[in-house]
file my_file29.txt (compact mmCIF, C-alpha atoms)
# COMPACT_ATOMS: atom_id res chain seq x y z
CA MET B 1 48.11 100.51 88.62
CA ALA B 2 48.69 98.62 85.40
CA ALA B 3 51.52 96.21 85.03
CA SER B 4 54.10 97.28 82.49
CA ALA B 5 57.84 97.25 82.50
CA ALA B 6 60.75 98.36 80.45
CA PHE B 7 64.49 98.81 80.42
CA SER B 8 66.51 100.90 78.15
CA VAL B 9 68.40 99.72 75.17
CA SER B 10 70.23 101.13 72.23
CA SER B 11 70.29 98.27 69.80
CA PRO B 12 72.25 98.57 66.57
CA PRO B 13 70.43 99.91 63.50
CA LEU B 14 70.14 96.56 61.77
CA VAL B 15 67.12 94.70 60.49
CA PRO B 16 66.73 91.36 62.28
CA SER B 17 65.68 88.60 59.90
CA SER B 18 62.76 87.87 62.20
CA CYS B 19 61.31 91.34 61.60
CA LYS B 20 61.53 91.27 57.81
CA PHE B 21 57.98 91.38 56.48
CA ARG B 22 56.74 92.42 53.09
CA ARG B 23 53.24 93.25 51.96
CA PRO B 24 50.85 91.57 51.77
CA PHE B 25 51.77 90.49 55.29
CA LEU B 26 48.95 87.97 55.64
CA LEU B 27 50.30 85.73 52.87
CA LEU B 28 53.77 84.76 54.02
CA GLY B 29 53.27 81.03 54.09
CA SER B 30 54.75 78.84 56.79
CA LYS B 31 58.29 80.19 56.89
CA SER B 32 59.49 80.44 60.50
CA PHE B 33 61.57 83.30 61.83
CA LYS B 34 64.11 83.18 64.62
CA PRO B 35 63.25 85.78 67.28
CA VAL B 36 65.82 88.38 68.24
CA SER B 37 66.41 89.14 71.91
CA VAL B 38 68.30 92.28 72.94
CA ARG B 39 69.54 93.34 76.32
CA ALA B 40 71.02 96.79 76.64
CA SER B 41 72.23 99.19 79.23
CA VAL B 42 73.18 102.83 79.20
CA GLY B 43 74.97 105.12 81.58
CA ASN B 44 72.25 107.71 82.10
CA PRO B 45 68.71 106.36 81.68
CA SER B 46 67.02 109.70 82.39
CA ILE B 47 68.26 111.58 79.31
CA SER B 48 65.85 114.36 78.33
CA ILE B 49 64.77 115.10 74.78
CA ASP B 50 65.48 118.35 72.97
CA ASP B 51 62.39 120.47 73.56
CA LYS B 52 63.84 123.23 71.37
CA VAL B 53 63.19 121.23 68.21
CA SER B 54 59.92 122.20 66.57
CA VAL B 55 57.08 119.75 67.21
CA GLN B 56 53.52 120.64 66.31
CA THR B 57 50.92 119.45 68.80
CA LYS B 58 47.15 119.46 68.40
CA THR B 59 44.76 118.44 71.17
CA SER B 60 41.14 117.65 70.42
CA LYS B 61 38.15 115.44 71.21
CA TRP B 62 36.52 112.79 69.08
CA GLN B 63 32.91 111.79 69.70
CA TRP B 64 32.74 108.02 69.98
CA LYS B 65 29.25 106.70 69.30
CA PHE B 66 28.66 103.62 71.43
CA LYS B 67 25.36 102.06 72.48
CA GLY B 68 23.43 105.28 72.07
CA ASN B 69 26.04 107.37 73.85
CA SER B 70 28.29 110.07 72.42
CA ILE B 71 31.51 109.85 74.44
CA GLY B 72 34.11 112.58 74.18
CA ILE B 73 37.51 110.96 73.58
CA HIS B 74 40.61 113.04 74.26
CA TYR B 75 43.51 112.67 71.83
CA GLU B 76 46.71 114.44 70.85
CA GLU B 77 48.53 114.61 67.52
CA HIS B 78 52.28 115.27 67.39
CA GLU B 79 54.08 116.10 64.15
CA GLY B 80 57.59 117.17 63.23
CA GLU B 81 58.48 119.85 60.71
CA LYS B 82 58.33 117.38 57.81
CA SER B 83 54.81 116.04 58.24
CA GLU B 84 53.57 115.84 54.63
CA SER B 85 54.78 112.29 53.96
CA ALA B 86 54.91 111.13 57.58
CA LYS B 87 53.85 107.62 58.55
CA ASN B 88 51.48 107.11 61.45
CA ILE B 89 51.85 105.77 64.96
CA LEU B 90 48.98 105.20 67.37
CA MET B 91 50.09 105.27 71.03
CA ILE B 92 47.72 103.86 73.65
CA PRO B 93 48.27 104.46 77.39
CA THR B 94 48.61 101.68 79.90
CA ILE B 95 45.26 100.96 81.52
CA SER B 96 45.38 101.89 85.21
CA ASP B 97 43.52 104.00 87.74
CA VAL B 98 45.59 107.02 86.62
CA SER B 99 45.95 106.23 82.90
CA THR B 100 46.71 109.30 80.76
CA VAL B 101 48.09 110.37 77.39
CA GLU B 102 50.82 112.18 79.34
CA GLU B 103 52.74 108.93 79.79
CA TRP B 104 53.50 108.80 76.04
CA ARG B 105 53.95 112.53 75.35
CA SER B 106 57.74 112.73 75.69
CA VAL B 107 58.23 109.52 73.69
CA ALA B 108 56.01 110.84 70.91
CA ARG B 109 57.88 114.16 70.73
CA ASN B 110 61.22 112.36 70.74
CA ILE B 111 60.28 110.16 67.79
CA VAL B 112 58.55 112.73 65.57
CA GLN B 113 61.32 115.32 65.89
CA ARG B 114 63.92 112.95 64.40
CA ASP B 115 65.07 113.61 60.86
CA GLY B 116 65.47 110.26 59.11
CA GLU B 117 64.58 108.50 55.89
CA VAL B 118 61.05 108.14 57.26
CA ASN B 119 59.23 110.80 59.26
CA TRP B 120 56.59 109.88 61.80
CA ARG B 121 53.34 111.37 63.07
CA ALA B 122 52.10 110.20 66.50
CA THR B 123 48.55 110.15 67.81
CA ILE B 124 48.00 109.46 71.51
CA VAL B 125 44.48 108.64 72.67
CA ASP B 126 42.93 108.37 76.13
CA TRP B 127 40.69 105.42 76.88
CA PRO B 128 36.99 106.08 77.46
CA GLY B 129 36.51 106.58 81.18
CA LEU B 130 40.19 107.38 81.76
CA GLY B 131 42.60 110.28 81.40
CA TYR B 132 40.91 113.34 79.91
CA SER B 133 38.17 111.43 78.06
CA ASP B 134 34.53 111.48 79.20
CA LYS B 135 33.78 109.14 82.12
CA LEU B 136 30.29 107.79 81.67
CA LYS B 137 28.83 105.22 84.04
CA MET B 138 28.93 102.14 81.80
CA ASP B 139 29.64 98.44 82.17
CA TYR B 140 33.28 98.55 81.09
CA ASP B 141 34.86 95.26 80.12
CA THR B 142 37.44 93.90 77.69
CA ASP B 143 35.02 93.85 74.76
CA VAL B 144 34.06 97.50 75.29
CA MET B 145 37.70 98.59 75.33
CA GLU B 146 38.53 96.47 72.29
CA ARG B 147 35.57 97.93 70.39
CA PHE B 148 36.80 101.42 71.23
CA VAL B 149 40.28 100.80 69.76
CA VAL B 150 38.77 99.20 66.65
CA ASP B 151 36.39 102.12 66.14
CA PHE B 152 39.11 104.70 66.74
CA MET B 153 41.20 103.10 64.00
CA ASN B 154 38.47 102.07 61.57
CA SER B 155 35.64 104.60 61.85
CA PRO B 156 35.38 106.99 58.85
CA GLU B 157 34.89 109.84 61.33
CA SER B 158 37.93 108.91 63.40
CA PRO B 159 41.06 111.10 63.56
CA MET B 160 42.94 108.05 62.21
CA SER B 161 40.79 107.68 59.09
CA HIS B 162 43.32 109.61 56.96
CA ALA B 163 46.09 107.16 57.77
CA GLY B 164 44.82 103.90 56.30
CA ASN B 165 44.41 101.03 58.77
CA ASP B 166 47.16 98.78 57.43
CA ASP B 167 49.80 101.55 57.48
CA ILE B 168 49.64 102.33 61.21
CA VAL B 169 52.05 101.08 63.85
CA ILE B 170 50.35 100.50 67.20
CA ILE B 171 52.36 101.10 70.37
CA GLY B 172 50.69 100.20 73.63
CA GLY B 173 51.62 99.70 77.26
CA GLY B 174 50.41 97.08 79.72
CA HIS B 175 46.89 95.83 79.04
CA ALA B 176 46.61 98.21 76.08
CA ALA B 177 49.31 96.28 74.23
CA THR B 178 47.60 92.95 74.82
CA LEU B 179 44.22 94.32 73.79
CA ALA B 180 45.74 95.55 70.53
CA VAL B 181 47.31 92.15 69.93
CA ARG B 182 43.98 90.45 70.66
CA ALA B 183 42.06 92.70 68.27
CA THR B 184 44.67 92.05 65.57
CA GLN B 185 44.60 88.30 66.19
CA ARG B 186 40.81 88.39 65.76
CA GLY B 187 41.15 90.27 62.46
CA LEU B 188 39.51 93.44 63.77
CA LEU B 189 42.69 95.48 63.29
CA LYS B 190 45.36 95.22 60.60
CA PRO B 191 48.26 97.42 61.69
CA SER B 192 51.62 97.29 59.93
CA ALA B 193 53.39 96.44 63.22
CA ILE B 194 52.84 96.33 66.99
CA ALA B 195 55.17 97.33 69.81
CA ALA B 196 54.06 95.93 73.16
CA VAL B 197 55.68 97.87 75.99
CA ALA B 198 55.61 95.91 79.24
CA PRO B 199 52.57 93.90 78.10
CA THR B 200 50.30 92.55 80.83
CA TRP B 201 47.01 90.68 80.96
CA ALA B 202 45.98 90.33 84.63
CA GLY B 203 44.55 93.16 86.71
CA PRO B 204 46.06 94.04 90.10
CA LEU B 205 43.81 91.83 92.23
CA PRO B 206 43.67 88.74 89.97
CA ILE B 207 47.44 88.74 89.47
CA VAL B 208 47.95 88.73 93.26
CA PHE B 209 45.01 86.65 94.52
CA GLY B 210 44.12 84.55 91.49
CA ARG B 211 40.74 84.05 89.86
CA ASP B 212 39.09 81.00 91.40
CA SER B 213 35.32 81.14 91.81
CA SER B 214 35.39 82.44 95.39
CA MET B 215 37.77 85.27 94.48
CA VAL B 216 35.75 86.18 91.38
CA THR B 217 32.71 86.52 93.63
CA ARG B 218 34.63 88.81 95.97
CA TYR B 219 35.86 90.88 93.04
CA GLY B 220 32.27 91.32 91.92
CA LEU B 221 31.23 92.54 95.35
CA LEU B 222 34.11 95.02 95.46
CA ARG B 223 33.35 96.23 91.94
CA GLY B 224 29.70 96.78 92.84
CA THR B 225 30.67 98.72 95.93
CA LEU B 226 33.11 100.95 94.03
CA ARG B 227 30.41 101.76 91.46
CA ALA B 228 27.73 102.53 94.05
CA PRO B 229 26.83 106.15 94.84
CA GLY B 230 28.08 107.53 98.13
CA VAL B 231 29.88 104.52 99.57
CA GLY B 232 31.59 103.95 96.22
CA TRP B 233 33.26 107.36 96.34
CA MET B 234 34.28 106.75 99.95
CA MET B 235 35.99 103.46 99.13
CA TYR B 236 37.52 104.85 95.93
CA ASN B 237 38.96 107.79 97.89
CA MET B 238 40.40 105.38 100.44
CA LEU B 239 41.91 102.90 97.97
CA VAL B 240 42.86 105.05 94.97
CA SER B 241 42.03 108.75 95.04
CA ASN B 242 44.49 110.11 97.57
CA GLU B 243 48.03 111.40 97.20
CA LYS B 244 49.56 108.92 99.63
CA SER B 245 48.11 105.91 97.83
CA ILE B 246 49.23 107.15 94.42
CA GLU B 247 52.70 108.02 95.71
CA SER B 248 53.01 104.60 97.34
CA GLN B 249 52.10 102.82 94.11
CA TYR B 250 54.50 104.88 92.03
CA LYS B 251 57.37 104.30 94.42
CA SER B 252 56.71 100.60 95.02
CA HIS B 253 56.12 99.28 91.50
CA VAL B 254 55.21 101.91 88.90
CA TYR B 255 58.63 103.59 88.78
CA ALA B 256 61.96 101.83 89.27
CA ASP B 257 63.72 104.83 90.83
CA GLN B 258 61.85 106.47 93.70
CA SER B 259 63.71 109.74 93.14
CA ASN B 260 61.91 110.07 89.79
CA VAL B 261 58.53 110.26 91.56
CA THR B 262 57.94 114.00 91.81
CA ASP B 263 55.24 115.97 93.61
CA ALA B 264 54.11 117.33 90.23
CA ILE B 265 53.47 113.82 88.87
CA ILE B 266 51.55 112.76 91.97
CA GLN B 267 49.42 115.90 91.94
CA SER B 268 48.65 115.52 88.23
CA ARG B 269 47.55 111.91 88.66
CA TYR B 270 45.58 112.74 91.79
CA GLU B 271 43.60 115.36 89.88
CA LEU B 272 42.65 112.74 87.30
CA THR B 273 41.08 110.61 90.02
CA LYS B 274 38.91 113.52 91.17
CA GLN B 275 37.05 113.91 87.90
CA LYS B 276 33.38 112.95 87.85
CA GLY B 277 32.96 109.28 86.95
CA SER B 278 36.65 108.49 87.36
CA ARG B 279 36.03 105.39 89.49
CA TYR B 280 34.10 103.28 86.98
CA VAL B 281 36.94 102.01 84.78
CA PRO B 282 39.33 101.44 87.73
CA ALA B 283 36.58 99.37 89.39
CA ALA B 284 36.60 97.11 86.32
CA PHE B 285 40.38 97.08 85.93
CA LEU B 286 41.25 96.34 89.55
CA THR B 287 38.88 93.37 89.62
CA GLY B 288 39.90 91.78 86.32
CA LEU B 289 37.04 92.76 83.99
CA LEU B 290 39.50 94.37 81.59
CA ASP B 291 41.81 91.35 81.38
CA PRO B 292 42.16 90.35 77.69
CA VAL B 293 42.85 86.69 78.57
CA SER B 294 42.60 84.49 81.65
CA SER B 295 45.84 82.50 81.54
CA ARG B 296 49.45 82.64 80.40
CA ASP B 297 48.74 80.02 77.76
CA GLU B 298 46.06 82.23 76.22
CA PHE B 299 48.42 85.21 76.47
CA LEU B 300 51.16 83.40 74.56
CA GLN B 301 48.69 82.10 72.00
CA LEU B 302 47.60 85.63 71.08
CA PHE B 303 51.15 86.44 70.02
CA ALA B 304 51.73 83.03 68.43
CA ASP B 305 48.73 83.54 66.15
CA LEU B 306 50.45 86.61 64.66
CA GLU B 307 53.50 84.59 63.58
CA GLY B 308 54.46 85.53 60.03
CA LYS B 309 51.69 88.12 59.73
CA LEU B 310 53.34 91.31 61.00
CA PRO B 311 56.34 92.40 63.08
CA VAL B 312 55.75 92.38 66.84
CA MET B 313 58.26 93.76 69.34
CA VAL B 314 58.01 93.17 73.08
CA MET B 315 59.72 95.54 75.51
CA SER B 316 60.23 94.20 79.03
CA THR B 317 61.68 95.96 82.08
CA LYS B 318 64.28 95.14 84.66
CA GLY B 319 62.27 96.41 87.62
CA ALA B 320 58.80 95.08 86.89
CA PRO B 321 56.95 93.45 89.81
CA LYS B 322 57.77 89.75 90.07
CA ARG B 323 54.48 88.37 88.74
CA SER B 324 54.19 90.87 85.89
CA LYS B 325 57.84 90.33 84.99
CA ALA B 326 57.24 86.59 84.72
CA GLU B 327 54.51 87.15 82.12
CA MET B 328 56.74 89.45 80.09
CA GLU B 329 59.64 87.02 80.25
CA ALA B 330 57.37 84.28 78.96
CA LEU B 331 57.37 86.20 75.67
CA ARG B 332 61.15 86.08 75.33
CA GLY B 333 61.75 83.88 72.28
CA ALA B 334 58.02 83.17 72.02
CA LYS B 335 56.34 82.42 68.72
CA GLY B 336 55.01 85.58 67.06
CA VAL B 337 57.53 87.89 68.76
CA CYS B 338 60.20 88.94 66.28
CA LYS B 339 62.12 91.20 68.67
CA PHE B 340 62.43 91.22 72.47
CA VAL B 341 64.21 94.06 74.27
CA GLU B 342 64.71 94.85 77.92
CA VAL B 343 65.02 98.34 79.40
CA GLU B 344 65.28 100.13 82.72
CA GLY B 345 62.07 100.83 84.55
CA ALA B 346 59.11 99.16 86.20
CA LEU B 347 55.49 99.57 85.11
CA LEU B 348 55.74 102.84 83.17
CA PRO B 349 59.13 102.90 81.42
CA GLN B 350 57.74 105.20 78.73
CA GLU B 351 57.02 107.82 81.38
CA GLU B 352 60.05 107.28 83.62
CA TYR B 353 62.67 106.74 80.89
CA PRO B 354 61.14 108.27 77.75
CA SER B 355 64.38 108.80 75.81
CA LEU B 356 65.43 105.19 76.24
CA VAL B 357 62.05 103.82 75.29
CA ALA B 358 61.85 106.22 72.33
CA GLN B 359 65.24 105.03 71.04
CA GLU B 360 64.17 101.38 71.10
CA LEU B 361 60.85 102.15 69.46
CA TYR B 362 62.54 104.27 66.80
CA ASN B 363 64.94 101.43 66.03
CA PHE B 364 61.98 99.09 65.61
CA LEU B 365 60.11 101.56 63.39
CA GLN B 366 63.14 101.97 61.14
CA GLU B 367 63.68 98.21 60.95
CA THR B 368 60.10 97.37 60.07
CA ASN B 369 59.90 100.18 57.52
CA ALA B 370 63.11 99.00 55.83
CA SER B 371 61.88 95.41 55.68
CA SER B 372 58.52 96.35 54.15
CA SER B 373 59.89 98.71 51.47
call {"tool": "encode", "arguments": {"input": "my_file29.txt", "output": "structure tokens"}}
result
Amino acid sequence: MAASAAFSVSSPPLVPSSCKFRRPFLLLGSKSFKPVSVRASVGNPSISIDDKVSVQTKTSKWQWKFKGNSIGIHYEEHEGEKSESAKNILMIPTISDVSTVEEWRSVARNIVQRDGEVNWRATIVDWPGLGYSDKLKMDYDTDVMERFVVDFMNSPESPMSHAGNDDIVIIGGGHAATLAVRATQRGLLKPSAIAAVAPTWAGPLPIVFGRDSSMVTRYGLLRGTLRAPGVGWMMYNMLVSNEKSIESQYKSHVYADQSNVTDAIIQSRYELTKQKGSRYVPAAFLTGLLDPVSSRDEFLQLFADLEGKLPVMVMSTKGAPKRSKAEMEALRGAKGVCKFVEVEGALLPQEEYPSLVAQELYNFLQETNASSS
């Protein structure tokens, strides 16, 4: 599973000086901003949203043209009743063996149904090879995934083409957040703001066993085996695609509260792993091929390079696994991070505690919109 964490906060509706950015955001000079760090707690972290409020949802597929392939990309669009002048959010799921748009659905509905000075429209997209997108046998790596996000935002045929690249807020979990930061740091994306929810950069095996040359060789052998016909499915079924394995992961480090791990969630995620081609991206992710950087220093530098260019919020979690938590905590007060919040949860706070995560994200959206107006 991917490493992401979060804990719930209800920070006051103020605009931290560190998040005040005005267009054009690339020309702010050398002024430094003092990061804001928020720690919050609430009595009931599992508050549900009001499903009675009208939210329009459209589900569709976009054909991503990549290296001669036409890959069907699953995405959802969520809009409130006042959608004419709504601003746009792109939500990207955490990369994992059971990655899915479903992890952001409740958060998206929570945000777009709010009636404020600014209304929001949310698009959630599945990664190629994951969720409900097509799962072609390709050589997935960080560059492929980065190219996908860039094309989904920039392509004239993309569902996001109506929004205007520099007026979109990107919200990502785990590796997705770091990939978005990397693409922005490289000038391939120009969002108006980024919210990194439990950002991570090391896949499950590298974060536990490291990445020296001997381990990298072993990862390559495992990856090749997982991709192979016949034996690949057997190993994938043993390691990933079974209910007991998925339940164990959710209860040990994906969710903070084991009682929140329901049979329905496990069955839904299990069905994702049974789709044709579902093992190819996990084979790359588990063995580190989807890691955006190779060290904490590089991780911190990605964020530092965005200093003064756009608002970046980092959301950490109380119950994240020790190693993943250490990487998130390294961003507390780090250069380029204008707001740091901590919420309940472990690796998927947006799925386990959607109302809490939605509140923090909504606060950030309101703050950044106020500072850019």
call {"tool": "residues_around", "arguments": {"input": "my_file29.txt", "residues": "Tyr75 (chain B)", "least_positions_apart": "2", "cutoff": "8 Å", "atoms": "only C-alpha atoms", "output": "MDAnalysis selection string"}}
result
chainID B and resid 59:62 73 77 101 123:126
call {"tool": "write_last_selection", "arguments": {"input": "my_file29.txt", "atoms": "C-alpha atoms", "output": "PDB file, in the coordinates of the input"}}
result
ATOM      1  CA  THR B  59      44.760 118.440  71.170  1.00  0.00           C
ATOM      2  CA  SER B  60      41.140 117.650  70.420  1.00  0.00           C
ATOM      3  CA  LYS B  61      38.150 115.440  71.210  1.00  0.00           C
ATOM      4  CA  TRP B  62      36.520 112.790  69.080  1.00  0.00           C
ATOM      5  CA  ILE B  73      37.510 110.960  73.580  1.00  0.00           C
ATOM      6  CA  GLU B  77      48.530 114.610  67.520  1.00  0.00           C
ATOM      7  CA  VAL B 101      48.090 110.370  77.390  1.00  0.00           C
ATOM      8  CA  THR B 123      48.550 110.150  67.810  1.00  0.00           C
ATOM      9  CA  ILE B 124      48.000 109.460  71.510  1.00  0.00           C
ATOM     10  CA  VAL B 125      44.480 108.640  72.670  1.00  0.00           C
ATOM     11  CA  ASP B 126      42.930 108.370  76.130  1.00  0.00           C
TER      12      ASP B 126
END
call {"tool": "closest_residue", "arguments": {"input": "my_file29.txt", "among": "B:Glu81, B:Asp97, B:Asp139, B:Asp212", "to": "Ser245 (chain B)", "atoms": "all atoms listed in the file"}}
result
B:Asp97
call {"tool": "atom_distance", "arguments": {"input": "my_file29.txt", "atom1": "CA of Val55 (chain B)", "atom2": "CA of Glu79 (chain B)"}}
result
5.6 Å
call {"tool": "closest_residue", "arguments": {"input": "my_file29.txt", "among": "B:Asn88, B:Thr217, B:Ser96, B:Asn260", "to": "Ala108 (chain B)", "atoms": "all atoms listed in the file"}}
result
B:Asn88
call {"tool": "atom_distance", "arguments": {"input": "my_file29.txt", "atom1": "CA of Gly80 (chain B)", "atom2": "CA of Gln56 (chain B)"}}
result
6.2 Å
call {"tool": "axis_aligned_box", "arguments": {"input": "my_file29.txt", "around": "region 222-226 of chain B", "padding_each_side": "4 Å", "output": "lines of an AutoDock Vina configuration file"}}
result
center_x = 31.9
center_y = 98.0
center_z = 93.9
size_x = 12.4
size_y = 13.9
size_z = 12.0
call {"tool": "atom_distance", "arguments": {"input": "my_file29.txt", "atom1": "CA of Ile111 (chain B)", "atom2": "CA of Glu352 (chain B)"}}
result
16.1 Å
call {"tool": "residues_around", "arguments": {"input": "my_file29.txt", "residues": "Ser316 (chain B)", "least_positions_apart": "4", "cutoff": "9 Å", "atoms": "only C-alpha atoms", "output": "PyMOL selection string"}}
result
chain B and resi 4-7+196-199+320+325+328-329+332+340-346
call {"tool": "residues_around", "arguments": {"input": "my_file29.txt", "residues": "Asn110 (chain B)", "least_positions_apart": "2", "cutoff": "8 Å", "atoms": "all atoms listed in the file", "output": "number ranges by chain"}}
result
B: 49-50, 106-108, 112-114, 355, 358
call {"tool": "write_last_selection", "arguments": {"input": "my_file29.txt", "atoms": "C-alpha atoms", "output": "mmCIF file, in the coordinates of the input"}}
result
data_model
loop_
_atom_site.group_PDB
_atom_site.id
_atom_site.type_symbol
_atom_site.label_atom_id
_atom_site.label_comp_id
_atom_site.auth_asym_id
_atom_site.auth_seq_id
_atom_site.Cartn_x
_atom_site.Cartn_y
_atom_site.Cartn_z
ATOM 1 C CA ILE B 49 64.770 115.100 74.780
ATOM 2 C CA ASP B 50 65.480 118.350 72.970
ATOM 3 C CA SER B 106 57.740 112.730 75.690
ATOM 4 C CA VAL B 107 58.230 109.520 73.690
ATOM 5 C CA ALA B 108 56.010 110.840 70.910
ATOM 6 C CA VAL B 112 58.550 112.730 65.570
ATOM 7 C CA GLN B 113 61.320 115.320 65.890
ATOM 8 C CA ARG B 114 63.920 112.950 64.400
ATOM 9 C CA SER B 355 64.380 108.800 75.810
ATOM 10 C CA ALA B 358 61.850 106.220 72.330
#
call {"tool": "closest_atom_pairs", "arguments": {"input": "my_file29.txt", "of": "region 254-290 of chain B", "to": "region 228-232 of chain B", "cutoff": "10 Å", "atoms": "all atoms listed in the file", "output": "Markdown table"}}
result
| residue | atom | partner | partner_atom | distance |
| --- | --- | --- | --- | --- |
| B:Arg279 | CA | B:Gly232 | CA | 8.2 |
| B:Tyr280 | CA | B:Ala228 | CA | 9.5 |
| B:Ala283 | CA | B:Gly232 | CA | 9.6 |
call {"tool": "residues_near_point", "arguments": {"input": "my_file29.txt", "point": "(45.4, 95.1, 91.9)", "cutoff": "8 Å", "atoms": "only C-alpha atoms", "output": "VMD selection string"}}
result
chain B and resid 1 203 to 208 286 to 287
call {"tool": "residues_around", "arguments": {"input": "my_file29.txt", "residues": "Ile246 (chain B)", "least_positions_apart": "6", "cutoff": "10 Å", "atoms": "all atoms listed in the file", "output": "PDB file with C-alpha atoms, in the frame of the given file"}}
result
ATOM      1  CA  MET B   1      48.110 100.510  88.620  1.00  0.00           C
ATOM      2  CA  ASP B  97      43.520 104.000  87.740  1.00  0.00           C
ATOM      3  CA  VAL B  98      45.590 107.020  86.620  1.00  0.00           C
ATOM      4  CA  LEU B 239      41.910 102.900  97.970  1.00  0.00           C
ATOM      5  CA  VAL B 240      42.860 105.050  94.970  1.00  0.00           C
ATOM      6  CA  SER B 252      56.710 100.600  95.020  1.00  0.00           C
ATOM      7  CA  VAL B 254      55.210 101.910  88.900  1.00  0.00           C
ATOM      8  CA  ILE B 265      53.470 113.820  88.870  1.00  0.00           C
ATOM      9  CA  ILE B 266      51.550 112.760  91.970  1.00  0.00           C
ATOM     10  CA  GLN B 267      49.420 115.900  91.940  1.00  0.00           C
ATOM     11  CA  ARG B 269      47.550 111.910  88.660  1.00  0.00           C
ATOM     12  CA  TYR B 270      45.580 112.740  91.790  1.00  0.00           C
ATOM     13  CA  THR B 273      41.080 110.610  90.020  1.00  0.00           C
TER      14      THR B 273
END
call {"tool": "closest_residue", "arguments": {"input": "my_file29.txt", "among": "B:Ala177, B:Leu90, B:Ala202, B:Ile95", "to": "Ser161 (chain B)", "atoms": "all atoms listed in the file"}}
result
B:Leu90
call {"tool": "closest_residue", "arguments": {"input": "my_file29.txt", "among": "B:Ser278, B:Gln301, B:Thr100, B:Gln359", "to": "Gly173 (chain B)", "atoms": "only C-alpha atoms"}}
result
B:Thr100
call {"tool": "residues_around", "arguments": {"input": "my_file29.txt", "residues": "Val150 (chain B)", "least_positions_apart": "3", "cutoff": "12 Å", "atoms": "all atoms listed in the file", "output": "ChimeraX atom specification"}}
result
/B:64,90,143-147,153-156,158,160-161,165,170,179-184,186-191
call {"tool": "closest_residue", "arguments": {"input": "my_file29.txt", "among": "B:His253, B:Lys335, B:Lys67, B:Arg105", "to": "Asp305 (chain B)", "atoms": "all atoms listed in the file"}}
result
B:Lys335
call {"tool": "closest_residue", "arguments": {"input": "my_file29.txt", "among": "B:Phe299, B:Glu360, B:Leu348, B:Leu331", "to": "Glu102 (chain B)", "atoms": "all atoms listed in the file"}}
result
B:Leu348
call {"tool": "residues_near_point", "arguments": {"input": "my_file29.txt", "point": "(36.3, 94.0, 95.7)", "cutoff": "12 Å", "atoms": "all atoms listed in the file", "output": "MDAnalysis selection string"}}
result
chainID B and resid 204:206 209 214:227 232 235:236 239 282:289
call {"tool": "write_last_selection", "arguments": {"input": "my_file29.txt", "atoms": "C-alpha atoms", "output": "short mmCIF file (atom, residue, chain, number, x, y, z; two decimals), in the coordinates of the input"}}
result
data_model
loop_
_atom_site.label_atom_id
_atom_site.label_comp_id
_atom_site.auth_asym_id
_atom_site.auth_seq_id
_atom_site.Cartn_x
_atom_site.Cartn_y
_atom_site.Cartn_z
CA PRO B 204 46.06 94.04 90.10
CA LEU B 205 43.81 91.83 92.23
CA PRO B 206 43.67 88.74 89.97
CA PHE B 209 45.01 86.65 94.52
CA SER B 214 35.39 82.44 95.39
CA MET B 215 37.77 85.27 94.48
CA VAL B 216 35.75 86.18 91.38
CA THR B 217 32.71 86.52 93.63
CA ARG B 218 34.63 88.81 95.97
CA TYR B 219 35.86 90.88 93.04
CA GLY B 220 32.27 91.32 91.92
CA LEU B 221 31.23 92.54 95.35
CA LEU B 222 34.11 95.02 95.46
CA ARG B 223 33.35 96.23 91.94
CA GLY B 224 29.70 96.78 92.84
CA THR B 225 30.67 98.72 95.93
CA LEU B 226 33.11 100.95 94.03
CA ARG B 227 30.41 101.76 91.46
CA GLY B 232 31.59 103.95 96.22
CA MET B 235 35.99 103.46 99.13
CA TYR B 236 37.52 104.85 95.93
CA LEU B 239 41.91 102.90 97.97
CA PRO B 282 39.33 101.44 87.73
CA ALA B 283 36.58 99.37 89.39
CA ALA B 284 36.60 97.11 86.32
CA PHE B 285 40.38 97.08 85.93
CA LEU B 286 41.25 96.34 89.55
CA THR B 287 38.88 93.37 89.62
CA GLY B 288 39.90 91.78 86.32
CA LEU B 289 37.04 92.76 83.99
#
call {"tool": "build_atoms", "arguments": {"input": "my_file29.txt", "residues": "region 237-243 of chain B", "atoms": "N, CA and C atoms", "output": "PDB file, in the coordinates of the input"}}
result
ATOM      1  N   ASN B 237      38.048 106.802  97.293  1.00  0.00           N
ATOM      2  CA  ASN B 237      38.960 107.790  97.890  1.00  0.00           C
ATOM      3  C   ASN B 237      39.951 107.109  98.827  1.00  0.00           C
ATOM      4  N   MET B 238      39.524 106.070  99.499  1.00  0.00           N
ATOM      5  CA  MET B 238      40.400 105.380 100.440  1.00  0.00           C
ATOM      6  C   MET B 238      41.445 104.528  99.721  1.00  0.00           C
ATOM      7  N   LEU B 239      41.013 103.830  98.643  1.00  0.00           N
ATOM      8  CA  LEU B 239      41.910 102.900  97.970  1.00  0.00           C
ATOM      9  C   LEU B 239      42.763 103.548  96.881  1.00  0.00           C
ATOM     10  N   VAL B 240      42.210 104.523  96.180  1.00  0.00           N
ATOM     11  CA  VAL B 240      42.860 105.050  94.970  1.00  0.00           C
ATOM     12  C   VAL B 240      43.078 106.554  95.032  1.00  0.00           C
ATOM     13  N   SER B 241      42.006 107.300  95.254  1.00  0.00           N
ATOM     14  CA  SER B 241      42.030 108.750  95.040  1.00  0.00           C
ATOM     15  C   SER B 241      42.548 109.516  96.254  1.00  0.00           C
ATOM     16  N   ASN B 242      43.824 109.300  96.562  1.00  0.00           N
ATOM     17  CA  ASN B 242      44.490 110.110  97.570  1.00  0.00           C
ATOM     18  C   ASN B 242      45.979 110.122  97.259  1.00  0.00           C
ATOM     19  N   GLU B 243      46.625 111.236  97.601  1.00  0.00           N
ATOM     20  CA  GLU B 243      48.030 111.400  97.200  1.00  0.00           C
ATOM     21  C   GLU B 243      48.940 110.327  97.782  1.00  0.00           C
TER      22      GLU B 243
END
